2 protein chains.
Amino acid sequence: MNTLRTARERARATVVADIKATAQRHVASEGAPALSLRAVARELGMVSSAIYRYFPSRDDLLTALIVDAYDDLGAQAEQAAAASARAPAGRRWLAVARAVREWAEAHPHEYALLYGSPIPGYRAPQTTVAPAARVAFALAGVVRDAWERGEITIPLDNDVVPDDARVAESVAADARRVAEALELRAPIGVVARMLIAWTQLFGMLSFSLFGHLVGSVD
Amino acid sequence: MNTLRTARERARATVVADIKATAQRHVASEGAPALSLRAVARELGMVSSAIYRYFPSRDDLLTALIVDAYDDLGAQAEQAAAASARAPAGRRWLAVARAVREWAEAHPHEYALLYGSPIPGYRAPQTTVAPAARVAFALAGVVRDAWERGEITIPLDNDVVPDDARVAESVAADARRVAEALELRAPIGVVARMLIAWTQLFGMLSFSLFGHLVGSVD
DNA sequence: TTGGGATCGAGAGCACTGCTCTCGTTATGG
DNA sequence: CCATAACGAGAGCAGTGCTCTCGATCCCAA
């Protein structure tokens with residue numbers, strides 16, 4: 001955050017911020033598919049082509065919003081994890097999950113943007129993966145802390161998956177990969193359980209937010 | 001399926017079928033947002049306004065595709081449940097889940113249409129809820145059969161939710177509602193566990209299909 | 001058999017979209 | 001001080017969903 005020296009740089013920064021802010025408002029109120037560059041430009045009192053001085057395409061503007069949303073959600077999750085640092089693991093996980101849920105319920109369209117159907121033509125650029133991983137890191141951090149403190153004592157062998165040992169092995173392979181990506185040193189049984197809880201959390205959120213449930217509360 | 005008498009009725013039926021078929025192909029290959037009435041009309045050798053003789057709007061065409069997709073998936077799930085009727089409950093659930101997963105992986109864009117972000121302006125009409133419930137019924141049927149056969153013996157009290165009894169009660173309320181909607185006579189602990197497994201299944205599918213996972217297999 | 005009414009396809013047109021290109025203007029840094 | 005880069009405005013292109021009108025065609029009933 002070094003100060004922008006020339007007047008032009010400052011002006012550009014504020015215009016970029018303005019565009020992002022009004023676009024964010026449009027997404028929050030109408031949803032991502034309804035985001036129109038022309039409408040944003042109109043509201044800002046400029047002409048549509050002027051937007052292209054700041055964002056090379058509509059997708060790039062959307063990407064900027066996605067990154068911001070990931071960062072917002074990630075910060076929320078990290079804060080919940082930090083605030084409950086001294087609580088037992090179950091409560092901590094619940095705290096982070098609650099934070100994610102509250103964010104999702106407060107920003108349903110942004111949640112859809114992050115975790116809903118991908119836009120068919122759109123390829124998420126590399127800049128989104130780090131912010132996207134923040135919430136995963138927050139959840140994994142809770143598990144890591146719990147494991148390092150010896151809080152996890154549940155049986156960890158094969159009851160993760162009902163009966164088939166080969167299926168359990170394929171899950172284990174994925175769990176190992178996830179554990180490596182998240183720098184999580186714990187038995188794969190723990191990692192696999194974390195994955196299950198993780199997917200369940202987002203599955204419930206998607207069901208709830210996208211109207212596939214009558215109404216379920218955590 | 002009574003035979004259509006007049007030539008006009010027959011012609012109309014085939015044109016409707018043609019429109020749906022090419023629209024379905026477009027959705028399957030390019031995704032729902034890329035579905036263009038004009039493109040469909042062009043491919044069928046008619047003019048865009050002619051489509052409106054058969055579907056009053058783009059959303060209605062999409063609704064027809066959604067209903068067909070729900071029915072296709074529902075049939076798949078029901079068949080898996082029926083084919084494994086004599087197997088133990090765990091295997092049956094897995095069979096239905098596998099059927100759903102295979103359908104989703106074979107029809108990712110349709111899956112996104114059914115279980116992804118809802119189109120902001122779009123309100124799902126009443127005609128979609130019955131087909132949408134088929135897969136839920138199939139899964140619930142497995143649990144119902146298992147319960148009636150006395151196959152479910154796991155402890156069912158409060159270990160569904162870690163500690164908080166009040167939270168468990170709010171979940172129970174929702175589980176009761178779901179049990180009623182699905183005509184499932186079983187303890188709410190069983191229903192709650194089914195809900196968890198259900199949301200987890202679709203959460204995993206969404207993560208996997210929407211590219212939020214490196215690669216996880218069942 | 002012969003109307004009359006419903007149905008249908010074609011075409012033009014409206015308002016909108018993302019995006020490109022050009023053309024003056026303005027600010028910046030050498 | 002001046003060349004250059006950045007900028008905003010405007011026109012324009014190809015595409016979208018959707019509406020309206022206008023003939024042509026078909027079906028049913030008198």
# chains A, B, ... in the order shown; residues from 1 in each chain; ligands from 1
call {"tool": "interface_residues", "arguments": {"of": "chain D", "to": "chain A", "cutoff": "9 Å", "atoms": "only C-alpha atoms (C1' of nucleotides)", "output": "list in words"}}
result
DA6, DC7, DG8, DA9 and DG10 of chain D
call {"tool": "write_last_selection", "arguments": {"atoms": "C-alpha atoms (C1' of nucleotides)", "output": "PDB file, in the first residue's frame"}}
result
ATOM      1  C1'  DA D   6      -3.490   7.612 -20.784  1.00  0.00           C
ATOM      2  C1'  DC D   7      -8.152   8.878 -21.009  1.00  0.00           C
ATOM      3  C1'  DG D   8     -13.329   9.775 -22.171  1.00  0.00           C
ATOM      4  C1'  DA D   9     -16.720  10.160 -25.750  1.00  0.00           C
ATOM      5  C1'  DG D  10     -19.007   8.396 -29.548  1.00  0.00           C
TER       6       DG D  10
END
call {"tool": "residues_around", "arguments": {"residues": "Ala32 (chain B)", "least_positions_apart": "4", "cutoff": "10 Å", "atoms": "only C-alpha atoms (C1' of nucleotides)", "output": "JSON, numbers by chain"}}
result
{"A": [119, 120], "B": [23, 24, 26, 27, 28, 36, 62, 65, 109, 110, 112, 113, 119]}
call {"tool": "residues_around", "arguments": {"residues": "Ala69 (chain B)", "least_positions_apart": "5", "cutoff": "9 Å", "atoms": "only C-alpha atoms (C1' of nucleotides)", "output": "MDAnalysis selection string"}}
result
chainID B and resid 64 74 110:111 113:114 131
call {"tool": "closest_atom_pairs", "arguments": {"of": "chain C", "to": "chain A", "cutoff": "12 Å", "atoms": "only C-alpha atoms (C1' of nucleotides)", "output": "CSV"}}
result
residue,atom,partner,partner_atom,distance
C:DC16,C1',A:Arg38,CA,9.7
C:DT17,C1',A:Ser36,CA,7.6
C:DG18,C1',A:Arg58,CA,7.6
C:DC19,C1',A:Ser57,CA,8.1
C:DT20,C1',A:Ser49,CA,9.0
C:DC21,C1',A:Ser49,CA,10.4
C:DT26,C1',A:Arg8,CA,10.5
C:DA27,C1',A:Arg8,CA,7.3
C:DT28,C1',A:Thr6,CA,8.4
C:DG29,C1',A:Thr6,CA,10.8
call {"tool": "residues_around", "arguments": {"residues": "Val96 (chain B)", "least_positions_apart": "5", "cutoff": "8 Å", "atoms": "only C-alpha atoms (C1' of nucleotides)", "output": "NGL selection string"}}
result
:B and (77-78 or 80-81 or 138-139)
call {"tool": "write_last_selection", "arguments": {"atoms": "C-alpha atoms", "output": "short mmCIF file (atom, residue, chain, number, x, y, z; two decimals), in the first residue's frame"}}
result
data_model
loop_
_atom_site.label_atom_id
_atom_site.label_comp_id
_atom_site.auth_asym_id
_atom_site.auth_seq_id
_atom_site.Cartn_x
_atom_site.Cartn_y
_atom_site.Cartn_z
CA ALA B 77 -31.57 -43.23 -8.99
CA GLU B 78 -34.78 -45.26 -8.78
CA ALA B 80 -30.24 -48.20 -8.81
CA ALA B 81 -32.44 -48.49 -5.72
CA ALA B 138 -35.15 -42.83 -3.99
CA LEU B 139 -32.62 -42.10 -1.27
#
call {"tool": "select_by_dssp", "arguments": {"residues": "region 34-192 of chain A", "states": "alpha helix (DSSP H)", "output": "CSV table (one decimal) with C-alpha atoms, in the first residue's frame"}}
result
chain,number,residue,atom,x,y,z
A,37,LEU,CA,-20.7,-3.2,-17.9
A,38,ARG,CA,-22.9,-0.6,-19.5
A,39,ALA,CA,-25.1,-0.3,-16.5
A,40,VAL,CA,-22.1,0.1,-14.2
A,41,ALA,CA,-20.7,2.8,-16.6
A,42,ARG,CA,-24.1,4.5,-16.8
A,43,GLU,CA,-24.3,4.7,-13.0
A,48,SER,CA,-19.3,2.0,-21.6
A,49,SER,CA,-16.1,2.0,-23.6
A,50,ALA,CA,-14.4,3.9,-20.8
A,51,ILE,CA,-14.7,0.9,-18.5
A,58,ARG,CA,-16.3,-8.2,-18.2
A,59,ASP,CA,-14.7,-11.4,-17.0
A,60,ASP,CA,-11.8,-9.5,-15.6
A,61,LEU,CA,-14.1,-7.3,-13.6
A,62,LEU,CA,-15.8,-10.4,-12.3
A,63,THR,CA,-12.5,-11.9,-11.4
A,64,ALA,CA,-11.7,-8.9,-9.3
A,65,LEU,CA,-15.0,-9.3,-7.5
A,66,ILE,CA,-14.4,-13.0,-7.0
A,67,VAL,CA,-11.0,-12.3,-5.5
A,68,ASP,CA,-12.4,-9.7,-3.2
A,69,ALA,CA,-15.2,-12.0,-2.1
A,70,TYR,CA,-12.8,-14.9,-1.5
A,71,ASP,CA,-10.7,-12.6,0.6
A,72,ASP,CA,-13.7,-11.3,2.5
A,73,LEU,CA,-14.9,-14.8,3.3
A,74,GLY,CA,-11.4,-16.0,4.1
A,75,ALA,CA,-10.8,-13.2,6.5
A,76,GLN,CA,-14.1,-14.0,8.2
A,77,ALA,CA,-13.1,-17.7,8.6
A,78,GLU,CA,-9.6,-16.9,9.8
A,79,GLN,CA,-11.0,-14.5,12.3
A,80,ALA,CA,-13.4,-17.1,13.7
A,81,ALA,CA,-10.5,-19.6,13.9
A,82,ALA,CA,-8.3,-17.1,15.7
A,83,ALA,CA,-11.1,-15.9,18.1
A,89,ALA,CA,-11.6,-28.6,18.3
A,90,GLY,CA,-15.2,-29.3,17.9
A,91,ARG,CA,-16.3,-25.9,19.0
A,92,ARG,CA,-13.6,-24.3,16.8
A,93,TRP,CA,-14.7,-26.1,13.7
A,94,LEU,CA,-18.3,-25.1,14.5
A,95,ALA,CA,-17.2,-21.5,14.9
A,96,VAL,CA,-15.5,-21.4,11.5
A,97,ALA,CA,-18.4,-23.2,9.9
A,98,ARG,CA,-20.8,-20.7,11.4
A,99,ALA,CA,-18.7,-17.8,10.1
A,100,VAL,CA,-18.8,-19.3,6.7
A,101,ARG,CA,-22.5,-19.9,6.9
A,102,GLU,CA,-23.2,-16.4,8.1
A,103,TRP,CA,-21.1,-14.9,5.4
A,104,ALA,CA,-22.9,-17.0,2.8
A,105,GLU,CA,-26.3,-16.0,4.1
A,106,ALA,CA,-25.4,-12.4,4.1
A,108,PRO,CA,-25.9,-15.3,-1.3
A,109,HIS,CA,-25.1,-14.0,-4.7
A,110,GLU,CA,-21.4,-13.8,-3.9
A,111,TYR,CA,-21.6,-17.3,-2.5
A,112,ALA,CA,-23.1,-18.5,-5.7
A,113,LEU,CA,-20.4,-16.7,-7.6
A,114,LEU,CA,-17.7,-18.5,-5.6
A,115,TYR,CA,-19.2,-22.0,-5.1
A,129,VAL,CA,-6.5,-19.8,-6.1
A,130,ALA,CA,-4.7,-18.2,-3.2
A,131,PRO,CA,-7.7,-16.3,-1.9
A,132,ALA,CA,-9.9,-19.3,-2.5
A,133,ALA,CA,-7.6,-21.4,-0.4
A,134,ARG,CA,-7.9,-19.2,2.7
A,135,VAL,CA,-11.1,-20.7,4.0
A,136,ALA,CA,-9.8,-24.2,3.4
A,137,PHE,CA,-6.6,-23.2,5.2
A,138,ALA,CA,-8.6,-21.9,8.1
A,139,LEU,CA,-10.6,-25.1,8.4
A,140,ALA,CA,-7.4,-27.2,8.0
A,141,GLY,CA,-5.7,-25.1,10.7
A,142,VAL,CA,-8.3,-26.1,13.2
A,143,VAL,CA,-7.7,-29.7,12.5
A,144,ARG,CA,-4.0,-29.3,12.5
A,145,ASP,CA,-4.0,-27.6,15.9
A,146,ALA,CA,-6.4,-30.2,17.3
A,147,TRP,CA,-4.1,-33.0,16.1
A,148,GLU,CA,-1.0,-31.4,17.4
A,165,ALA,CA,-11.2,-51.3,1.3
A,166,ARG,CA,-10.3,-50.3,-2.2
A,167,VAL,CA,-12.6,-47.4,-2.2
A,168,ALA,CA,-11.2,-46.4,1.1
A,169,GLU,CA,-7.8,-46.5,-0.5
A,170,SER,CA,-8.8,-44.2,-3.4
A,171,VAL,CA,-10.2,-41.8,-0.9
A,172,ALA,CA,-7.0,-42.0,1.1
A,173,ALA,CA,-5.0,-41.1,-2.0
A,174,ASP,CA,-7.0,-37.9,-2.4
A,175,ALA,CA,-6.9,-37.2,1.3
A,176,ARG,CA,-3.1,-37.4,1.1
A,177,ARG,CA,-3.0,-35.0,-1.7
A,178,VAL,CA,-5.2,-32.6,0.1
A,179,ALA,CA,-3.2,-32.9,3.3
A,180,GLU,CA,0.0,-32.1,1.3
A,181,ALA,CA,-1.6,-29.1,-0.3
A,188,ILE,CA,-5.3,-39.7,6.5
A,189,GLY,CA,-8.3,-40.9,8.5
A,190,VAL,CA,-8.4,-37.5,10.1
A,191,VAL,CA,-8.0,-35.8,6.8
A,192,ALA,CA,-10.7,-37.8,5.2
call {"tool": "interface_residues", "arguments": {"of": "chain A", "to": "chain B", "cutoff": "6 Å", "atoms": "only C-alpha atoms", "output": "number ranges by chain"}}
result
A: 31, 112, 116-117, 120, 174, 199-200, 202-204, 216
call {"tool": "write_last_selection", "arguments": {"atoms": "N, CA and C atoms", "output": "compact mmCIF listing (two decimals), in the first residue's frame"}}
result
# COMPACT_ATOMS: atom_id res chain seq x y z
N GLY A 31 -27.30 -10.39 -8.77
CA GLY A 31 -26.63 -11.62 -9.15
C GLY A 31 -25.63 -11.40 -10.26
N ALA A 112 -22.87 -17.78 -4.47
CA ALA A 112 -23.13 -18.47 -5.73
C ALA A 112 -22.00 -18.24 -6.72
N GLY A 116 -21.00 -21.72 -6.69
CA GLY A 116 -22.07 -22.24 -7.53
C GLY A 116 -21.54 -22.72 -8.86
N SER A 117 -22.45 -22.85 -9.79
CA SER A 117 -22.04 -23.32 -11.12
C SER A 117 -21.03 -22.35 -11.71
N PRO A 120 -19.71 -21.04 -17.88
CA PRO A 120 -19.19 -22.00 -18.87
C PRO A 120 -17.91 -21.55 -19.58
N ASP A 174 -6.62 -39.32 -2.31
CA ASP A 174 -7.02 -37.93 -2.42
C ASP A 174 -6.77 -37.18 -1.13
N THR A 199 -17.06 -30.99 2.74
CA THR A 199 -18.01 -31.08 1.64
C THR A 199 -19.44 -31.03 2.15
N GLN A 200 -19.64 -31.59 3.34
CA GLN A 200 -20.99 -31.56 3.89
C GLN A 200 -21.41 -30.14 4.20
N PHE A 202 -20.43 -27.34 2.74
CA PHE A 202 -20.75 -26.57 1.54
C PHE A 202 -21.95 -27.17 0.80
N GLY A 203 -22.13 -28.49 0.91
CA GLY A 203 -23.32 -29.08 0.33
C GLY A 203 -24.58 -28.55 0.99
N MET A 204 -24.54 -28.49 2.31
CA MET A 204 -25.69 -27.95 3.05
C MET A 204 -25.92 -26.50 2.68
N SER A 216 -33.20 -25.65 6.56
CA SER A 216 -32.41 -26.41 7.51
C SER A 216 -31.41 -25.47 8.15
call {"tool": "residues_around", "arguments": {"residues": "DT25 (chain D)", "least_positions_apart": "4", "cutoff": "12 Å", "atoms": "only C-alpha atoms (C1' of nucleotides)", "output": "list in words"}}
result
Arg8 of chain B; DA6, DT7, DC8 and DG9 of chain C
